[in-house]
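**Student:** First the structure, which I've put down as structure tokens, then a few questions once you've had a look.
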Amino acid sequence: MEYYARKDKNGNLETLEHHSKLVAQKTAEYAALFGCSKTGELCGDLHDCGKHTQKFQEVLLGTKTKVDHAIVAGILIYNNFSTIPSSTKEVIAGVCAAHHSGLRCKSYDYEIPTDYNAPELMMVSNDYGDAKENALSSQKEYENIVEYEKPVIEAQKYCGNKKMYELGSVPGSRMLFARMLLSCLVDADYSSAASVDDPEYFAKSELLPLSGLTIEKMLKQLELYRNGIVQSTDQPTRMNVLRGIVYRDAADAGKNPGCGFYTMTAPTGTAKTLAIMKFALEKAMVEHHKRIFIVLPFLSIITQNADEYKRIFGQDNVLEDDSQTEYTDRTREYSDRWSSPVIVTTTVKFFSTLFASKSTKLRRLHQVADSVVVFDECQSLPASVLNCTIYALQQLVEKYHTDVLFSTATLPFYEHREGIKWHAEEVIKDVKNLYAEYHIAKNTDVEFSPKDNEYDAESLAELFSDKNQAVFIFNTTKKAREMYVKLIGRYGEESCRLLTSALCADHKRDIISWIKRSLKEGKPCMLASTQSIEAGVDVSFPCGAREYAPFSSVAQSAGRINRNGEEDGYMLVFRHKEHSMYDFPGSDYMTASDMTTIMAEKKRKKGSSLSTDSLEDMEYYYKRLFLSENAKEDKPELTKAIQEENYFETEKKYSIIEDKGQINIIVPYSNNKNSMTVYDEIVSELRESDYKITKGQMKRASGITVSVYPNKKDKVNACCQQLFMMTKEGQEATNWYLLEDEQYYSEHGLDLETVGFGSIY
């Protein structure tokens with residue numbers, strides 16, 4: 001009897017033998033990147049063996065449904081490999097069982113029972129007994145399965161032994177291996193099926209990976225681009241000399257052979273964007289890496305960095321992959337598979353893939369193996385997931401031929417965090433001297449005001465009355481808005497802007513463009529902002545004020561003052577009159593801010609001053625922070641999920657940003673003609689569909705969307721139209737809303753506080 005795996009787009013049946021052979025070949029190819037080609041071949045060969053049954057063939061004929069074919073391979077593998085440790089079998093069996101669902105390697109009952117009717121044996125679903133019966137049926141057709149047993153020993157180095165397990169070092173390692181292996185299998189399975197429907201599929205969806213010739217060309221392009229910048233600037237300045245040092249040190253470190261974990265600790269404004277790419281390309285050349293990942297924490301800097309790299313290397317070599325990118329059919333495939341030579345993505349997207357459990361989300365993970373991964377602004381990694389994050393990245397270095405670079409001006413001293421075994425090689429040859437020289441070159445006085453000297457919007461507005469350019473940075477949107485109103489009253493509306501998270505992405509981009517243009521042309525520019533201005537936004541104000549915040553945030557804010565050392569810069573770090581627990585983004589943020597205040601007071605009593613350019617002050621801050629109750633360990637529920645090797649719970653509990661339940665509101669940003677056109681088009685479509693939204697419309701609306709926390713839901717319901725989505729179960733409510741009343745979106749951004757009260761401005 002001929003067995004079939006699937007129907008192609010024309011309704012023709014593809015034989016199981018043909019499909020399995022294709023999948024085995026591609027899975028082996030992908031898994032070879034981490035030395036597991038034989039294991040990959042096994043998974044590809046057997047993943048669909050549950051289709052080698054009469055029952056599944058009836059599914060293809062349309063006479064039967066709900067036949068779980070995926071679990072069959074898991075049962076078959078687990079019950080036939082007698083010499084392989086159960087810890088390894090569980091992973092390989094679990095990967096095959098998960099290729100249409102998600103990982104639950106230790107949760108399956110793999111044993112084949114003798115009594116199929118015993119209800120206690122039907123653990124996964126009501127038809128689990130049928131799956132086990134199918135496994136027995138398939139076993140007769142796969143008598144050569146034991147031939148795979150010896151080659152699959154290659155997987156044991158990832159799954160550990162009893163001693164390693166007792167030391168607690170195995171769960172995270174095994175879980176990452178399972179995700180990597182499933183990624184290879186799922187990508188091979190989906191892609192092989194697509195290639196039958198479209199013979200050009202692989203040519204269209206797989207860009208050529210980095211090669212020696214490609215890297216050599218990109219290095220020349222980078223040098224040409226940088227030389228153009230250097231020649232157009234004032235060469236002898238101290239700051240440009242320091243930028244040259246950072247760039248050369250990055251190049252030298254990249255040329256050293258051997259994969260490793262690296263840090264690049266360099267002050268703000270020292271051109272790290274180009275230096276990290278120089279490091280990555282040199283490292284890719286010497287280690288023959290396949291691709292480069294540039295991972296950034298904020299959407300506000302993703303586009304500007306991606307655009308710069310595209311200008312250097314061309315559109316086809318750089319993929320910008322974030323929640324606000326609109327894809328063509330072609331670039332969507334690159335995004336789904338991370339198959340471009342250079343990928344610029346967010347920390348949220350990168351780590352949600354690294355810690356995923358579902359097969360669809362894991363499809364692209366294997367592309368991270370044999371690559372260079374650069375985390376810019378790495379200080380933004382939250383303390384609640386720090387240990388497991390560092391461990392996973394160390395595993396990438398040790399077992400998946402990957403180089404990892406942490407780049408920041410305020411590198412956390414991770415060695416002070418309990419449970420982290422921190423071993424990283426610093427790229428900058430003399431960090432201490434670099435910061436000392438930077439302090440002189442930047443020529444900026446950062447003054448920490450005494451604890452009892454408090455400020456409000458009124459007193460802050462008087463600070464720089466003799467200046468026409470200044471920035472005021474606050475911890476909350478409410479305070480920034482109050483400051484904006486005061487600035488308008490003093491300097492006029494045309495000279496002032498507000499930048500907060502209450503603005504949609506298009507609005508933020510327009511504000512930042514206005515700031516850069518005004519600063520360059522010497523025009524009046526008074527900005528009230530939240531942390532939105534801090535990291536990665538290349539602007540340089542002559543002076544400014546920053547509310548007391550975590551010390552790393554204060555240092556990042558100082559990087560927006562006198563960035564190029566052109567004049568005598570000044571920044572005041574002040575204590576706001578409103579500083580209760582409700583006047584901070586969260587309790588952890590308040591704790592870290594208070595720590596900065598205490599550090600400044602201690603320095604003052606000793607007759608000295610806290611310095612944002614001092615590595616000693618930065619280390620002292622992190623040492624205290626990592627000993628504090630809120631930052632000394634990962635979330636207990638996350639640690640528990642990893643220890644139990646619970647993939648679904650790990651994915652659920654792991655989060656870079658606490659955005660669960662956030663509400664997305666499409667807003668009418670009228671200051672930008674293109675943004676308003678998109679808004680009007682989407683509103684028209686939504687009204688016609690009785691307010692049913694599609695994923696495509698969500699993508700299109702990403703530039704005019706503001707996210708708010710669920711505690712604002714009553715206000716949102718009072719002024720917005722909730723949107724719905726059609727699912728298999730019918731119409732369902734979503735966390736997306738449409739704001740049709742323009743009075744609630746203005747230059748202040750989305751203003752829910754005025755709902756029901758009229759404007760307070």
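Residue numbers start at 1 in each chain; chains themselves are named A, B, ... in the order of the structure tokens; ligands are numbered from 1 in the order shown.
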Could you give me, as a list in words, the residues within 8 Å of stretch 605-615 of chain A, counting only C-alpha atoms and dropping anything in the same chain fewer than 6 positions from it?
**Tutor:**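 Near stretch 605-615 of chain A, the qualifying residues are Pro267, Lys432, Tyr435, Ala436, Tyr438, His439, Val446, Glu447, Phe448, Phe551, Val554, Ala555, Ala558 and Met599 of chain A.
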**Student:** Could you list, as a list in words, every residue within 12 Å of A:Met1, counting only C-alpha atoms and ignoring same-chain residues fewer than 5 positions away?
**Tutor:**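 So, after excluding close chain neighbours, the residues are Thr15, Leu16, His52, Thr53, Gln54, Gln57 and Glu141 of chain A.
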**Student:** Go ahead and save the residues from that selection, with N, CA, C and O atoms, as a tab-separated table (two decimals), in the first residue's frame.
**Tutor:**
```
chain	number	residue	atom	x	y	z
A	15	THR	N	3.60	11.66	-1.56
A	15	THR	CA	3.86	10.42	-0.84
A	15	THR	C	4.58	10.70	0.47
A	15	THR	O	5.36	11.66	0.58
A	16	LEU	N	4.33	9.86	1.45
A	16	LEU	CA	4.99	9.99	2.75
A	16	LEU	C	6.50	9.82	2.59
A	16	LEU	O	7.28	10.52	3.24
A	52	HIS	N	1.77	6.75	8.66
A	52	HIS	CA	1.98	5.44	8.04
A	52	HIS	C	0.95	4.45	8.61
A	52	HIS	O	1.29	3.33	9.01
A	53	THR	N	-0.29	4.89	8.68
A	53	THR	CA	-1.37	4.07	9.22
A	53	THR	C	-2.61	4.25	8.38
A	53	THR	O	-2.81	5.29	7.73
A	54	GLN	N	-3.46	3.25	8.42
A	54	GLN	CA	-4.71	3.31	7.68
A	54	GLN	C	-5.59	4.45	8.18
A	54	GLN	O	-6.25	5.14	7.40
A	57	GLN	N	-4.58	7.79	6.71
A	57	GLN	CA	-4.91	7.85	5.28
A	57	GLN	C	-6.38	8.17	5.08
A	57	GLN	O	-6.78	8.84	4.12
A	141	GLU	N	6.44	-1.18	10.38
A	141	GLU	CA	6.92	-0.66	9.10
A	141	GLU	C	8.27	0.04	9.24
A	141	GLU	O	8.90	0.38	8.26
```
**Student:** Which neighbours of A:Ser384 fall inside 12 Å, counting only C-alpha atoms, when residues of the same chain fewer than 5 positions from it are skipped, and could you give them as a list of chain:residue names?
**Tutor:** A:Thr389, A:Ile390, A:Arg417, A:Asp588, A:Phe626, A:Glu629, A:Asn630, A:Ala631, A:Lys632, A:Glu633, A:Asp634, A:Lys635, A:Pro636, A:Glu637, A:Leu638, A:Thr639, A:Lys653, A:Tyr654, A:Ser655, A:Ile656, A:Ile657, A:Glu658
**Student:** Might you pull out every residue within 6 Å of stretch 685-701 of chain A, with only C-alpha atoms counted and same-chain residues fewer than 4 positions away left off, and present them as an MDAnalysis selection string?
**Tutor:** chainID A and resid 723:725
**Student:** Taking only C-alpha atoms into account, name the residue in A:Ala528, A:Phe375, A:Gln743, A:Gly244 that is nearest to A:Phe351.
**Tutor:** A:Phe375
**Student:** Looking at A:Leu405, A:Leu572, A:Cys378, A:Met218, which one is nearest to A:Phe313, with distances taken over only C-alpha atoms?
**Tutor:**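 Selected residue with least distance to A:Phe313: A:Met218.
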**Student:** Of the candidates A:His507, A:His18, A:Arg248, A:Lys278, which shows the shortest atom-to-atom distance to A:Arg6, using only C-alpha atoms?
**Tutor:**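 Going through A:His507, A:His18, A:Arg248, A:Lys278 one by one, the smallest distance to A:Arg6 is for A:His18.
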**Student:** Choose the residue, out of A:Thr27, A:Tyr582, A:Asp307, A:Val427, that has the smallest atom-to-atom separation from A:Ser191; count only C-alpha atoms.
**Tutor:**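 For A:Ser191, the nearest of the candidates is A:Thr27.
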**Student:** Considering only C-alpha atoms, can you say which of A:Val537, A:Val385, A:Val230, A:Val573 comes closest to A:Pro450?
**Tutor:**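 The answer is A:Val573, which sits nearest to A:Pro450.
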**Student:** What are the DSSP strand (DSSP E) residues of stretch 565-726 of chain A, as a PyMOL selection string?
**Tutor:** chain A and resi 569-576+663-666+705-708+720-726
**Student:** Just the number, please: distance in Å from atom CA of A:His99 to atom CA of A:Pro85, one decimal.
**Tutor:** 22.1 Å
**Student:** Let me make sure I understand: among A:Ala271, A:Ala441, A:Ala280, A:Val318, which one has the smallest atom-to-atom distance to A:Arg238 if we use only C-alpha atoms?
**Tutor:**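 Of A:Ala271, A:Ala441, A:Ala280, A:Val318, the one nearest A:Arg238, counting only C-alpha atoms, is A:Ala441.
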**Student:** Hey, what does DSSP flag as alpha helix (DSSP H) within stretch 565-749 of chain A? Can you give it to me as an MDAnalysis selection string?
**Tutor:** chainID A and resid 587:605 615:625 636:643 647:653 673:688 695:700 713:719
**Student:** For a test of reading the model, state the distance in Å between atom CA of A:Glu534 and atom CA of A:Tyr309, rounded to one decimal.
**Tutor:**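 Straight-line distance from atom CA of A:Glu534 to atom CA of A:Tyr309 works out to 21.4 Å.
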**Student:** By how many Å are atom CA of A:Tyr455 and atom CA of A:Glu547 apart?
**Tutor:**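 Result for atom CA of A:Tyr455 versus atom CA of A:Glu547: 9.2 Å, one decimal.
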**Student:** Fewer than 6 positions away in the same chain doesn't count, so skip those; otherwise give me all residues within 9 Å of A:Asn256, counting only C-alpha atoms, as a PyMOL selection string.
**Tutor:** chain A and resi 282-283+286
**Student:** For the selection you just gave me, I'd like the residues written to a file as a tab-separated table (two decimals), in the first residue's frame, keeping all heavy atoms.
**Tutor:**
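What follows is the written file again.tsv:
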```tsv
chain	number	residue	atom	x	y	z
A	282	GLU	N	33.97	41.42	11.51
A	282	GLU	CA	35.30	40.81	11.67
A	282	GLU	C	35.18	39.44	12.34
A	282	GLU	O	35.87	38.48	11.96
A	282	GLU	CB	36.21	41.72	12.51
A	282	GLU	CG	36.55	43.05	11.86
A	282	GLU	CD	37.52	42.91	10.67
A	282	GLU	OE1	37.91	41.79	10.31
A	282	GLU	OE2	37.88	43.96	10.09
A	283	LYS	N	34.29	39.34	13.31
A	283	LYS	CA	34.09	38.06	14.00
A	283	LYS	C	33.44	37.04	13.06
A	283	LYS	O	33.81	35.86	13.06
A	283	LYS	CB	33.22	38.28	15.25
A	283	LYS	CG	33.00	37.03	16.09
A	283	LYS	CD	34.28	36.40	16.57
A	283	LYS	CE	34.95	37.18	17.66
A	283	LYS	NZ	36.11	36.42	18.23
A	286	VAL	N	36.23	35.66	10.73
A	286	VAL	CA	37.20	34.72	11.30
A	286	VAL	C	36.55	33.41	11.73
A	286	VAL	O	37.17	32.35	11.70
A	286	VAL	CB	37.96	35.39	12.48
A	286	VAL	CG1	37.10	35.49	13.72
A	286	VAL	CG2	39.23	34.62	12.80
```
